[in-house]
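Next up, run14.txt (compact mmCIF, C-alpha atoms and all ligand atoms):
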```txt
# COMPACT_ATOMS: atom_id res chain seq x y z
CA MET A 294 -0.89 -60.23 -34.61
CA ALA A 295 1.28 -58.05 -36.79
CA ASP A 296 4.99 -58.27 -36.52
CA VAL A 297 6.59 -55.19 -35.05
CA SER A 298 10.02 -54.49 -36.34
CA ARG A 299 12.77 -53.61 -33.99
CA ARG A 300 13.02 -50.18 -35.63
CA ASP A 301 9.26 -49.46 -35.17
CA PHE A 302 9.44 -50.61 -31.56
CA ILE A 303 12.30 -48.17 -30.84
CA LYS A 304 10.45 -45.33 -32.61
CA VAL A 305 7.27 -45.86 -30.60
CA THR A 306 9.12 -46.31 -27.32
CA THR A 307 11.23 -43.21 -27.92
CA THR A 308 8.14 -41.17 -28.76
CA ILE A 309 6.32 -42.28 -25.61
CA VAL A 310 9.31 -41.73 -23.31
CA GLY A 311 10.02 -38.35 -24.94
CA GLY A 312 6.39 -37.29 -24.48
CA VAL A 313 6.40 -38.24 -20.81
CA VAL A 314 9.67 -36.38 -20.19
CA ALA A 315 8.42 -33.30 -22.08
CA ALA A 316 5.16 -33.27 -20.11
CA GLY A 317 7.07 -33.73 -16.84
CA LEU A 318 9.25 -30.72 -17.55
CA GLY A 319 6.82 -28.60 -19.57
CA VAL A 320 3.76 -28.58 -17.32
CA PRO A 321 5.60 -27.25 -14.23
CA ALA A 322 7.37 -24.68 -16.42
CA ILE A 323 4.04 -23.43 -17.80
CA ILE A 324 2.52 -23.29 -14.31
CA TYR A 325 5.58 -21.37 -13.10
CA GLN A 326 5.22 -18.87 -15.94
CA LEU A 327 1.48 -18.35 -15.48
CA ASP A 328 1.34 -18.38 -11.68
CA PRO A 329 1.92 -14.64 -11.07
CA ALA A 330 -0.96 -13.78 -13.40
CA PHE A 331 -3.37 -15.29 -10.92
CA LYS A 332 -1.95 -13.53 -7.88
CA ALA A 333 -2.72 -10.08 -6.53
CA GLY A 334 -0.94 -8.48 -3.59
CA ALA A 335 -2.89 -7.49 -0.51
CA LYS A 336 -3.90 -3.85 -0.57
CA GLU A 337 -5.27 -3.53 2.90
CA GLY A 338 -3.51 -3.86 6.19
CA TRP A 339 -2.25 -2.30 9.40
CA VAL A 340 0.71 0.02 8.96
CA PRO A 341 2.86 1.25 11.88
CA VAL A 342 3.46 4.99 11.57
CA GLY A 343 5.16 6.09 14.77
CA LYS A 344 5.59 5.84 18.51
CA VAL A 345 3.02 7.78 20.51
CA ALA A 346 5.82 8.66 22.97
CA ASP A 347 7.48 10.65 20.16
CA MET A 348 4.34 12.76 19.59
CA GLN A 349 3.66 16.03 21.35
CA ILE A 350 0.15 17.07 22.29
CA GLY A 351 -1.13 19.59 19.75
CA THR A 352 1.76 19.26 17.31
CA PRO A 353 1.18 17.35 14.06
CA TYR A 354 3.51 14.36 13.79
CA PRO A 355 4.34 13.67 10.14
CA PHE A 356 4.60 10.10 8.87
CA TYR A 357 5.26 8.47 5.55
CA PHE A 358 5.05 4.91 4.27
CA THR A 359 5.09 3.01 1.01
CA ARG A 360 2.90 0.15 -0.12
CA VAL A 361 3.78 -2.33 -2.81
CA GLN A 362 0.93 -3.61 -4.90
CA VAL A 363 1.47 -6.85 -6.78
CA ASN A 364 -0.81 -7.49 -9.71
CA GLY A 365 0.34 -10.42 -11.77
CA TRP A 366 3.83 -9.56 -13.01
CA GLU A 367 3.39 -5.88 -12.21
CA ARG A 368 4.69 -4.43 -8.93
CA THR A 369 3.70 -0.87 -8.12
CA SER A 370 5.12 1.06 -5.20
CA THR A 371 3.15 4.05 -3.94
CA GLY A 372 3.95 6.53 -1.21
CA HIS A 373 1.44 7.70 1.38
CA GLY A 374 1.62 9.99 4.32
CA GLY A 375 -0.17 11.96 6.89
CA PHE A 376 -0.08 13.69 10.23
CA ALA A 377 -0.97 12.25 13.61
CA LEU A 378 -2.28 14.89 15.98
CA LEU A 379 -2.22 13.77 19.61
CA GLN A 380 -4.95 15.78 21.28
CA SER A 381 -4.59 14.91 24.97
CA GLU A 382 -2.68 12.70 27.42
CA ASP A 383 -4.87 9.82 26.28
CA PRO A 384 -2.76 7.89 23.74
CA ASN A 385 -5.92 6.94 21.85
CA ASP A 386 -7.07 10.55 21.50
CA ILE A 387 -5.44 11.04 18.11
CA LEU A 388 -6.60 12.68 14.93
CA VAL A 389 -4.91 11.03 11.95
CA LEU A 390 -4.97 13.08 8.77
CA ASN A 391 -4.03 12.10 5.26
CA SER A 392 -1.50 14.55 3.82
CA ARG A 393 -2.94 14.26 0.32
CA CYS A 394 -4.67 17.47 -0.66
CA THR A 395 -8.34 16.98 -1.44
CA HIS A 396 -8.08 19.23 -4.48
CA LEU A 397 -5.70 17.45 -6.88
CA ALA A 398 -3.77 15.19 -4.51
CA CYS A 399 -0.57 17.14 -3.93
CA THR A 400 1.09 16.60 -0.56
CA VAL A 401 0.42 19.29 2.02
CA ASN A 402 3.14 20.53 4.38
CA TRP A 403 2.85 21.61 7.98
CA ASP A 404 3.82 25.23 8.57
CA ALA A 405 4.65 25.35 12.28
CA GLU A 406 4.86 29.14 12.37
CA ALA A 407 1.44 29.68 10.81
CA GLN A 408 0.01 26.56 12.51
CA GLU A 409 -1.54 25.50 9.18
CA TYR A 410 -1.07 22.94 6.44
CA ILE A 411 -0.16 24.52 3.12
CA CYS A 412 -0.64 22.87 -0.24
CA PRO A 413 2.20 23.95 -2.56
CA CYS A 414 0.27 23.29 -5.76
CA HIS A 415 -2.55 25.86 -5.59
CA ASP A 416 -1.90 27.52 -2.23
CA ALA A 417 -4.69 25.87 -0.29
CA VAL A 418 -4.59 26.30 3.46
CA PHE A 419 -5.96 23.83 5.99
CA SER A 420 -6.33 24.18 9.74
CA LYS A 421 -4.44 21.96 12.16
CA GLU A 422 -7.49 19.67 12.26
CA GLY A 423 -7.70 19.58 8.45
CA ALA A 424 -10.53 22.04 7.76
CA VAL A 425 -10.27 24.08 4.56
CA LEU A 426 -9.35 27.68 5.41
CA SER A 427 -8.78 28.89 1.86
CA GLY A 428 -8.16 27.71 -1.68
CA PRO A 429 -9.83 25.30 -4.08
CA PRO A 430 -10.12 22.04 -2.07
CA PRO A 431 -13.75 20.88 -1.98
CA ARG A 432 -13.50 19.26 1.46
CA PRO A 433 -11.28 18.93 4.54
CA LEU A 434 -8.24 16.67 4.57
CA ASP A 435 -9.24 13.03 4.68
CA ARG A 436 -8.77 11.10 7.89
CA TYR A 437 -7.47 7.65 8.59
CA SER A 438 -10.46 6.73 10.68
CA GLU A 439 -9.31 3.25 11.62
CA PHE A 440 -6.26 3.27 13.84
CA ARG A 441 -5.01 1.62 17.01
CA VAL A 442 -2.15 1.89 19.44
CA THR A 443 -0.27 -1.38 19.94
CA ASP A 444 2.64 -1.48 22.41
CA GLY A 445 2.92 2.29 22.17
CA GLU A 446 3.00 2.27 18.34
CA LEU A 447 0.32 4.04 16.33
CA GLU A 448 -0.94 1.86 13.50
CA ILE A 449 -3.37 2.90 10.83
CA PHE A 450 -5.52 0.62 8.73
CA PHE A 451 -4.63 1.26 5.11
CA LYS A 452 -7.46 0.47 2.71
CA GLY A 453 -5.72 1.21 -0.55
CA SER A 454 -5.50 4.36 -2.54
S1 LIG B 1 -3.71 20.22 -5.15
FE1 LIG B 1 -3.81 21.23 -3.28
S2 LIG B 1 -4.70 23.11 -3.74
FE2 LIG B 1 -4.66 22.07 -5.63
```
Mind turning this structure into structure tokens?
Amino acid sequence: MADVSRRDFIKVTTTIVGGVVAAGLGVPAIIYQLDPAFKAGAKEGWVPVGKVADMQIGTPYPFYFTRVQVNGWERTSTGHGGFALLQSEDPNDILVLNSRCTHLACTVNWDAEAQEYICPCHDAVFSKEGAVLSGPPPRPLDRYSEFRVTDGELEIFFKGS
């Protein structure tokens, strides 16, 4: 068996201990740095948009909400909106329209006097129920077809943009 000098023994021991310490600190640090890259935020979900008690039959109730999308290190916040149109005394008898114009995605506004939605971008006009009355949009306003009323609160199921 070869003789190991005291100096060699210290070198080898120091190298081994240093390697273990570096691995103990380095591996968690690398995992911490990489972890967000493997995560994506949930896009879908139920979103509360308003109390049914605050809605009047036949009058569009505007709502607005934001969703934050997490994709790795990137966080993107987007705004969405629409109109809930209570159609009778039945709290489930609601038409829920998306306020994004079906032409080029501008936000339409409710004109209470004219009883129409107006798109400010290219002057499209939609009926109270979302049908195209004039202008370039190729189809009626989109609807949030999945919704529910929970404890008097209207919630829509948001599926992403
Ligand atoms: S974006 Fe609405 S009419 Fe063009």
Could you give me, as a tab-separated table, a per-residue list for chain A showing, wherever an atom lies at most 6 Å from an atom of ligand LIG 1 (chain B), the closest pair of atoms and their distance in Å to one decimal, using all atoms listed in the file and sorting by chain then residue number from low to high?
```
residue	atom	partner	partner_atom	distance
A:Cys394	CA	B:LIG1	FE1	4.7
A:His396	CA	B:LIG1	S1	4.5
A:Leu397	CA	B:LIG1	S1	3.8
A:Ala398	CA	B:LIG1	S1	5.1
A:Cys399	CA	B:LIG1	S1	4.6
A:Cys412	CA	B:LIG1	FE1	4.7
A:Cys414	CA	B:LIG1	S1	5.1
A:His415	CA	B:LIG1	S2	4.0
A:Asp416	CA	B:LIG1	S2	5.4
A:Ala417	CA	B:LIG1	S2	4.4
A:Pro429	CA	B:LIG1	S2	5.6
A:Pro430	CA	B:LIG1	S2	5.8
```
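CA of Trp339 in chain A is positioned 6.0 Å from CA of Glu448 in chain A.
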*What does the distance between CA of Leu378 in chain A and CA of Ala346 in chain A come to in Å, to one decimal place?*
12.4 Å
*asked:* I'd like the interatomic distance between CA of Thr369 in chain A and CA of Ser392 in chain A, to a tenth of an Å.
replied: 20.2 Å
Using only C-alpha atoms, determine which residues lie at most 9 Å from Thr395 in chain A, disregarding the query and same-chain residues fewer than 6 positions distant; provide the list as a PDB file with C-alpha atoms, keeping the file's coordinate frame.
```
ATOM      1  CA  PRO A 429      -9.830  25.300  -4.080  1.00  0.00           C
ATOM      2  CA  PRO A 430     -10.120  22.040  -2.070  1.00  0.00           C
ATOM      3  CA  PRO A 431     -13.750  20.880  -1.980  1.00  0.00           C
ATOM      4  CA  ARG A 432     -13.500  19.260   1.460  1.00  0.00           C
ATOM      5  CA  PRO A 433     -11.280  18.930   4.540  1.00  0.00           C
ATOM      6  CA  LEU A 434      -8.240  16.670   4.570  1.00  0.00           C
ATOM      7  CA  ASP A 435      -9.240  13.030   4.680  1.00  0.00           C
TER       8      ASP A 435
END
```
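Compared by their closest atoms to Ile350 in chain A, and using all atoms listed in the file, the residues A:Asn402, A:Thr371, A:Ser381, A:Gln362 rank with A:Ser381 nearest.
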Residue completion, range 385-417 of chain A, N, CA and C atoms, as a short mmCIF file (atom, residue, chain, number, x, y, z; two decimals), in the frame of the given file:
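Wrote it out as selection_35.cif, contents follow:
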```
data_model
loop_
_atom_site.label_atom_id
_atom_site.label_comp_id
_atom_site.auth_asym_id
_atom_site.auth_seq_id
_atom_site.Cartn_x
_atom_site.Cartn_y
_atom_site.Cartn_z
N ASN A 385 -4.97 7.29 22.92
CA ASN A 385 -5.92 6.94 21.85
C ASN A 385 -6.66 8.16 21.31
N ASP A 386 -6.40 9.32 21.92
CA ASP A 386 -7.07 10.55 21.50
C ASP A 386 -6.23 11.21 20.40
N ILE A 387 -6.28 10.60 19.23
CA ILE A 387 -5.44 11.04 18.11
C ILE A 387 -6.30 11.29 16.88
N LEU A 388 -5.98 12.38 16.21
CA LEU A 388 -6.60 12.68 14.93
C LEU A 388 -5.55 12.34 13.87
N VAL A 389 -5.90 11.45 12.95
CA VAL A 389 -4.91 11.03 11.95
C VAL A 389 -5.36 11.51 10.58
N LEU A 390 -4.62 12.47 10.05
CA LEU A 390 -4.97 13.08 8.77
C LEU A 390 -4.14 12.53 7.63
N ASN A 391 -4.74 12.46 6.48
CA ASN A 391 -4.03 12.10 5.26
C ASN A 391 -3.41 13.38 4.70
N SER A 392 -2.16 13.33 4.31
CA SER A 392 -1.50 14.55 3.82
C SER A 392 -1.77 14.83 2.35
N ARG A 393 -2.62 14.03 1.73
CA ARG A 393 -2.94 14.26 0.32
C ARG A 393 -4.03 15.32 0.21
N CYS A 394 -3.71 16.37 -0.50
CA CYS A 394 -4.67 17.47 -0.66
C CYS A 394 -5.93 16.96 -1.34
N THR A 395 -7.07 17.43 -0.88
CA THR A 395 -8.34 16.98 -1.44
C THR A 395 -8.72 17.72 -2.73
N HIS A 396 -7.83 18.59 -3.19
CA HIS A 396 -8.08 19.23 -4.48
C HIS A 396 -7.57 18.32 -5.59
N LEU A 397 -6.26 18.28 -5.81
CA LEU A 397 -5.70 17.45 -6.88
C LEU A 397 -4.57 16.56 -6.37
N ALA A 398 -4.62 16.23 -5.09
CA ALA A 398 -3.77 15.19 -4.51
C ALA A 398 -2.29 15.53 -4.32
N CYS A 399 -1.94 16.80 -4.31
CA CYS A 399 -0.57 17.14 -3.93
C CYS A 399 -0.40 16.88 -2.42
N THR A 400 0.83 16.84 -1.98
CA THR A 400 1.09 16.60 -0.56
C THR A 400 1.18 17.92 0.19
N VAL A 401 0.39 18.04 1.24
CA VAL A 401 0.42 19.29 2.02
C VAL A 401 1.57 19.24 3.02
N ASN A 402 2.05 20.41 3.41
CA ASN A 402 3.14 20.53 4.38
C ASN A 402 2.64 21.27 5.61
N TRP A 403 3.19 20.92 6.75
CA TRP A 403 2.85 21.61 7.98
C TRP A 403 3.73 22.85 8.13
N ASP A 404 3.10 23.99 8.33
CA ASP A 404 3.82 25.23 8.57
C ASP A 404 3.68 25.53 10.07
N ALA A 405 4.73 25.23 10.82
CA ALA A 405 4.65 25.35 12.28
C ALA A 405 4.43 26.79 12.73
N GLU A 406 5.00 27.74 11.99
CA GLU A 406 4.86 29.14 12.37
C GLU A 406 3.41 29.61 12.21
N ALA A 407 2.82 29.26 11.08
CA ALA A 407 1.44 29.68 10.81
C ALA A 407 0.42 28.75 11.47
N GLN A 408 0.90 27.57 11.91
CA GLN A 408 0.01 26.56 12.51
C GLN A 408 -1.07 26.13 11.50
N GLU A 409 -0.63 25.91 10.25
CA GLU A 409 -1.54 25.50 9.18
C GLU A 409 -0.82 24.53 8.25
N TYR A 410 -1.62 23.76 7.52
CA TYR A 410 -1.07 22.94 6.44
C TYR A 410 -1.21 23.76 5.17
N ILE A 411 -0.16 23.76 4.37
CA ILE A 411 -0.16 24.52 3.12
C ILE A 411 0.00 23.53 1.97
N CYS A 412 -0.82 23.68 0.97
CA CYS A 412 -0.64 22.87 -0.24
C CYS A 412 0.18 23.69 -1.24
N PRO A 413 1.33 23.17 -1.67
CA PRO A 413 2.20 23.95 -2.56
C PRO A 413 1.66 24.09 -3.98
N CYS A 414 0.71 23.28 -4.36
CA CYS A 414 0.27 23.29 -5.76
C CYS A 414 -0.62 24.48 -6.10
N HIS A 415 -1.63 24.75 -5.27
CA HIS A 415 -2.55 25.86 -5.59
C HIS A 415 -2.82 26.69 -4.34
N ASP A 416 -1.87 26.65 -3.42
CA ASP A 416 -1.90 27.52 -2.23
C ASP A 416 -3.10 27.31 -1.31
N ALA A 417 -3.61 26.13 -1.24
CA ALA A 417 -4.69 25.87 -0.29
C ALA A 417 -4.13 25.89 1.12
#
```
